[in-house]
Amino acid sequence: MSSFFYLAERLNPSMIYCGAAPAYCLENQTSIDTSLCEIDSWGVVDCTAAGCPPTSDYHEPCWNVYRSIVSSSFWTLMELFGEFPLVSQHSVGGQLLGTITAVFACAVFALPAGIFGSGFESEIAKRRQDKSCIMEGSESSGFVEVQSIHHDVVGDPSTLRGSLYNFLHLQTTTLSTLFEIFMNGFIVGTTVVFMMSTVTSSNALARLHGSFRLFQLIAVMLFSLEYILLMYSATENPKCRGRGGMVAYAQDFFRTVDLLSILPYWIMVILSPILPNKHIALLNFAEFCLILRLFRFEKYSQAFRTFDDVIRDNLDVLTVTGFSAVLLWILFSSILYLTERNNPDEEMANHYKTVPNAMWITLLNLSGECPLAYYSSVGKIIVGIIGLFATAIFGVPIGVLGAGFEEIVTSQNEDAPDGEAGVDSSSFESPSANSFQVACYEFVNGMGSKSAYYFEVSIYVLIGATVTIGVIQTIDGYGDAFSPVELIAVIVFTVEYVMRFVGVGADPEFANESHGILKRLKFVISFYSVVDLMAIVPYYVAAAMPGSWVDQHDEYFRMLRLLRLLKLDKYVPSITLIDDVIRLKRRVLVVSCFAAATLWILFAGLMYLAEHQDHSMGIDNLPLYGCYENCSMSVRYENMFTSIPLTGIHLTGDFPMIEYDGFGRIILFFVVIAAVGVVAIPSGVIASGFSEIVNSKHRSTDNNQGNNAGDDWFDIKYRQLEGCPAPHSAFGFTVDSWQYSVKAYLDGKVDEGTGKHYRTPFSKVGRAFFFVLIVTNVLAIILESVPEIDRSVGNEKGNFFDVFEAWSVFFFTIDYILRLFSARKSREALYSPWVYATTFFGIVDLLTVAPWYIQMLLSSMGRMNGDEAKVFRIFRIFRVLQLEDFLVAFSKLDNVYRASKDVLKATGLMAIIIWVGSSALFFLFEQNNPNFRECDDSVPVVGTEMHPGCYDFESTMECNEFYPGMCSQSAFINMPNAMFYVAVFLGGEWGVVDFTWQGKLVCMFLCIAGIALYSIPVGTLFDSFGAVVGLSEEEEDEETEK
């Protein structure tokens, strides 16, 4: 990936970095315009035209961060960790590679961390089992909460205290239940009122602030009265009498919440005359404390009590990992302080000017984040090590808390699977359906004939084609591209819809309706019917009424065509499985989601309190929010509604914004910890539910195969050939002996007596030679990408790199030919040269030599320039895959993907639907967001009515019409660009955050759905990896025993 990113970005002027440029470059300007810089054929940047020429002391004051494979490796490593610090600067090719990285690489890079965590948790499980054996039969020494024993005593109804006790504590009457509902309504009301009272920009809400304060006062008085009556009536229970009993009851979780929610308000009332300057801040804090009563809903879910049990059960493990994390936090903070405090980049140096400052950024690094990127060479190495450590250190507590939480909650809330609904379509026959209806139904569902099967396949193809066309048509200049294909697709989808409508009588889904008209009416309003109609009707309306409202808003209605992806759910159930997952895991999800929602609201309130008056931390201009200069974090955290999506992003573990003051950093420290417990658990529960449901649907099929996890035709055939001799050559015994000799040289021999595998000295020398040759080839490719080295060697015919490459190709070609020749005697090739040529190793061997021959052929024909030749040379990096022959990795991953295919198929389709759908929404909502608009320096930021500024236009198109070619949008400019950003978002990385209010809603949806969505494939892959590797180890052990 580093090599491909190098190819895509080495000539990208947006990747030129001048943050560490010497002082003489900024003598006559505040910043360097990198668009004026030039990149020569060697990859060296010259910014003379931008006022920053090279000198004898500074040979390259500005440089491209992807100038070589070496420098590209750091940035690629960040993206493989899920971090995209340069997300808005990538070229189209870089965005394509970034999308591939975000979609696929996260799964591969999650495996090592998962393996480490699994091993750690296995050891924990053993210790826990030993501890349970020791404690078996012993009595628990845990305390009994006073709240739980109130049901043992019934109050005396003849006394006021007894009646209050029965009413408030036991709640035995309908009136007491209604009172509980009434108080819960006030709890929700105070939360909503607090959120609305933070909005100061709305005149309508500003006029209601007096009413809000009155509601909060009434609520505090009610809460205070309830607290007093609860404390008074609690003494009806003998265990709560006396000083000790009352103190114990007052320390109960719910009573503590009650007191903390009202006490600050009364303190504010008492101290407000004494502290007039702090009155507003104190009032805001007191009002925030009222929403602490959300914890009162804990009595229905017991979520936080479960967290307490998990922590106590795993206290020893969490202590060890927590202590290790703190040590590494301090260690790496100190190291980065030493390496970065004198960084020539002013921003980098400022964040590492002291160890406490360094600890803030290092905390984010250890949590898997890398908000800063322009490190020194040593700093890049340290950050790379931190990235590797972060997955292991912070992965273990996540696994421990998640597994412990689900274990306890599941044991306390056993979810009984609901019965399977619906009718078995394979055995259903409608008595009222005629033969024509049955024929239509079977044809559109691919049953009964080959033509029906091909029609169903054509629907798949057309769905994919029309979705792709819809994406392409958002690119400037391609608005009417592929219109004939779209017309054909609409006609085919119309025919399909009519046939489904006709065949409703034979559809088992509508079998409960006896009348044909009711069946068709039910079909028309069904989910898939609505999807079909929304995808095709706008096309006919726009064609029939040119210039109509539908035609004028064609851009929006074109996006409806993307809904056709939902039609695939008929064939590969994914979205429809969500309902099954929720029903299967509903109780566990209620508990975990309550905890997540409560902490989300509380942390959003705390971040609002911390940042809404923070004018010290400067940020870029936010014209959408009315801020054009001297903007600060107070703009982003203007009210609770703007705080909620930003806090949601942080709770997913991402920190695209780091410009926080001391109080904000302290809160976010706990957010980092809370994100571990809150975010991982619901997604883990959903992943578990998906795996259970999908695997249960395929279990009967899998059990009948009798094969290992991840087996395909190759593995099955390979086992069938065990003990079978190799076929004889058609050219006689001599060729047979040559093939056996070559096979022995390449792969070694097997001792017939002991069955052990060994190599001859000649084979060992050859294997060592090729190992060295592969490594040196990879090093040569990397070194050749360094501009200074490449320029010193030169491009003259017969230079070192060319000669070395020619000899390398010679040896690799001989090796490839020998493997083809000996494949008839190789069981690993199933005794077939063709099978070898089409396996992983055969394809890799061919890729190591074919590009060189193609390059020589094109060069001899005069059709090869320098840049094209570099592309072919970079393809030699595939030789690193030949190390697979020495250390098996990718061939196992192939088995892992096959073992996970059922779950991946369902979750993969769901991922595509959410990815494409969210991309379309972001494109529609954000394509003209002025926060992402850039204009030429000659265009004023804000102008007048006669000469409007950059941010005065409703759209970037209008801006360009007034200032031709001077306005551009940096994000969400078309669907491919939006899909790149959303792929990054779904991986948990938010490169941009200043959305419109519609975009914020989509953002919050992705914060919730995206994490769960991406955790399922990764979790599935890890489980399958364990199964595949475990089977391999068992097979190796069996062979060793033999």
# chains A, B, ... in the order shown; residues from 1 in each chain; ligands from 1
$ residues_around --residues "stretch 19-30 of chain A" --least-positions-apart "3" --cutoff "7 Å" --atoms "only C-alpha atoms" --output "list in words"
Gly51, Cys52, Pro61, Cys62, Pro344 and Asp345 of chain A
$ atom_distance --atom1 "atom CA of A:Val193" --atom2 "atom CA of A:Phe212"
6.0 Å
$ atom_distance --atom1 "atom CA of A:Gly368" --atom2 "atom CA of A:Asn314"
23.0 Å
$ residues_around --residues "A:Glu629" --least-positions-apart "2" --cutoff "10 Å" --atoms "only C-alpha atoms" --output "JSON, numbers by chain"
{"A": [618, 619, 620, 621, 622, 623, 626, 627, 631, 632, 941]}
$ atom_distance --atom1 "atom CA of A:Ala543" --atom2 "atom CA of A:Tyr478"
19.0 Å
$ residues_around --residues "A:Val44" --least-positions-apart "2" --cutoff "9 Å" --atoms "only C-alpha atoms" --output "PyMOL selection string"
chain A and resi 38-42+46+60+63-64+67+787-788
$ residues_around --residues "A:Pro727" --least-positions-apart "4" --cutoff "12 Å" --atoms "only C-alpha atoms" --output "PyMOL selection string"
chain A and resi 721+731-733+735-736+739-740+822-827+830-832
$ write_last_selection --atoms "N, CA, C and O atoms" --output "PDB file, in the first residue's frame"
ATOM      1  N   LEU A 721      -6.093 -36.337  -2.490  1.00  0.00           N
ATOM      2  CA  LEU A 721      -4.892 -36.837  -3.173  1.00  0.00           C
ATOM      3  C   LEU A 721      -3.870 -37.435  -2.209  1.00  0.00           C
ATOM      4  O   LEU A 721      -2.794 -37.850  -2.641  1.00  0.00           O
ATOM      5  N   PHE A 731       6.338 -37.903 -21.599  1.00  0.00           N
ATOM      6  CA  PHE A 731       7.613 -37.919 -22.313  1.00  0.00           C
ATOM      7  C   PHE A 731       8.592 -38.948 -21.761  1.00  0.00           C
ATOM      8  O   PHE A 731       9.768 -38.949 -22.093  1.00  0.00           O
ATOM      9  N   GLY A 732       8.118 -39.815 -20.875  1.00  0.00           N
ATOM     10  CA  GLY A 732       8.940 -40.923 -20.445  1.00  0.00           C
ATOM     11  C   GLY A 732       9.558 -40.763 -19.072  1.00  0.00           C
ATOM     12  O   GLY A 732       9.385 -39.747 -18.377  1.00  0.00           O
ATOM     13  N   PHE A 733      10.319 -41.797 -18.683  1.00  0.00           N
ATOM     14  CA  PHE A 733      10.896 -41.896 -17.348  1.00  0.00           C
ATOM     15  C   PHE A 733      11.922 -40.796 -17.082  1.00  0.00           C
ATOM     16  O   PHE A 733      12.048 -40.304 -15.965  1.00  0.00           O
ATOM     17  N   VAL A 735      12.047 -37.661 -18.130  1.00  0.00           N
ATOM     18  CA  VAL A 735      11.394 -36.404 -17.733  1.00  0.00           C
ATOM     19  C   VAL A 735      10.810 -36.525 -16.335  1.00  0.00           C
ATOM     20  O   VAL A 735      10.841 -35.579 -15.538  1.00  0.00           O
ATOM     21  N   ASP A 736      10.298 -37.747 -16.006  1.00  0.00           N
ATOM     22  CA  ASP A 736       9.800 -37.971 -14.643  1.00  0.00           C
ATOM     23  C   ASP A 736      10.902 -37.714 -13.615  1.00  0.00           C
ATOM     24  O   ASP A 736      10.683 -37.045 -12.592  1.00  0.00           O
ATOM     25  N   GLN A 739      11.650 -34.063 -13.264  1.00  0.00           N
ATOM     26  CA  GLN A 739      10.603 -33.362 -12.503  1.00  0.00           C
ATOM     27  C   GLN A 739      10.732 -33.629 -11.009  1.00  0.00           C
ATOM     28  O   GLN A 739      10.571 -32.723 -10.189  1.00  0.00           O
ATOM     29  N   TYR A 740      11.030 -34.891 -10.635  1.00  0.00           N
ATOM     30  CA  TYR A 740      11.223 -35.207  -9.223  1.00  0.00           C
ATOM     31  C   TYR A 740      12.433 -34.467  -8.656  1.00  0.00           C
ATOM     32  O   TYR A 740      12.412 -33.985  -7.513  1.00  0.00           O
ATOM     33  N   SER A 822       7.786 -28.737 -12.737  1.00  0.00           N
ATOM     34  CA  SER A 822       7.692 -29.765 -11.695  1.00  0.00           C
ATOM     35  C   SER A 822       6.302 -29.867 -11.082  1.00  0.00           C
ATOM     36  O   SER A 822       6.086 -30.686 -10.187  1.00  0.00           O
ATOM     37  N   ALA A 823       5.357 -29.049 -11.547  1.00  0.00           N
ATOM     38  CA  ALA A 823       4.012 -29.065 -10.960  1.00  0.00           C
ATOM     39  C   ALA A 823       3.343 -30.419 -11.107  1.00  0.00           C
ATOM     40  O   ALA A 823       2.520 -30.810 -10.279  1.00  0.00           O
ATOM     41  N   ARG A 824       3.708 -31.210 -12.144  1.00  0.00           N
ATOM     42  CA  ARG A 824       3.126 -32.536 -12.359  1.00  0.00           C
ATOM     43  C   ARG A 824       3.510 -33.507 -11.244  1.00  0.00           C
ATOM     44  O   ARG A 824       2.892 -34.562 -11.098  1.00  0.00           O
ATOM     45  N   LYS A 825       4.494 -33.140 -10.444  1.00  0.00           N
ATOM     46  CA  LYS A 825       4.925 -34.010  -9.342  1.00  0.00           C
ATOM     47  C   LYS A 825       4.674 -33.351  -7.980  1.00  0.00           C
ATOM     48  O   LYS A 825       5.173 -33.819  -6.966  1.00  0.00           O
ATOM     49  N   SER A 826       3.908 -32.273  -7.973  1.00  0.00           N
ATOM     50  CA  SER A 826       3.665 -31.530  -6.733  1.00  0.00           C
ATOM     51  C   SER A 826       2.218 -31.674  -6.303  1.00  0.00           C
ATOM     52  O   SER A 826       1.295 -31.246  -7.012  1.00  0.00           O
ATOM     53  N   ARG A 827       2.011 -32.281  -5.137  1.00  0.00           N
ATOM     54  CA  ARG A 827       0.652 -32.389  -4.608  1.00  0.00           C
ATOM     55  C   ARG A 827       0.089 -31.012  -4.269  1.00  0.00           C
ATOM     56  O   ARG A 827      -1.117 -30.780  -4.371  1.00  0.00           O
ATOM     57  N   LEU A 830      -1.764 -29.892  -6.995  1.00  0.00           N
ATOM     58  CA  LEU A 830      -2.732 -30.911  -7.408  1.00  0.00           C
ATOM     59  C   LEU A 830      -2.270 -31.624  -8.674  1.00  0.00           C
ATOM     60  O   LEU A 830      -3.085 -32.043  -9.504  1.00  0.00           O
ATOM     61  N   TYR A 831      -0.928 -31.752  -8.807  1.00  0.00           N
ATOM     62  CA  TYR A 831      -0.296 -32.428  -9.952  1.00  0.00           C
ATOM     63  C   TYR A 831      -0.701 -31.782 -11.275  1.00  0.00           C
ATOM     64  O   TYR A 831      -0.821 -32.470 -12.295  1.00  0.00           O
ATOM     65  N   SER A 832      -0.883 -30.452 -11.270  1.00  0.00           N
ATOM     66  CA  SER A 832      -1.325 -29.761 -12.487  1.00  0.00           C
ATOM     67  C   SER A 832      -0.597 -28.430 -12.632  1.00  0.00           C
ATOM     68  O   SER A 832      -0.678 -27.591 -11.726  1.00  0.00           O
TER      69      SER A 832
END
$ closest_residue --among "A:Tyr758, A:Ser201, A:Phe74, A:Asn929" --to "A:Val635" --atoms "only C-alpha atoms"
A:Ser201
$ residues_around --residues "A:Thr647" --least-positions-apart "6" --cutoff "8 Å" --atoms "only C-alpha atoms" --output "ChimeraX atom specification"
/A:600,603-604,607
$ residues_around --residues "A:Gln927" --least-positions-apart "3" --cutoff "7 Å" --atoms "only C-alpha atoms" --output "list in words"
Phe923, Leu924, Phe972 and Ile973 of chain A
$ closest_residue --among "A:Ile274, A:Ala829, A:Cys959, A:Met78" --to "A:Leu388" --atoms "only C-alpha atoms"
A:Met78
$ closest_residue --among "A:Glu9, A:Phe323, A:Pro157, A:Val317" --to "A:Leu96" --atoms "only C-alpha atoms"
A:Glu9
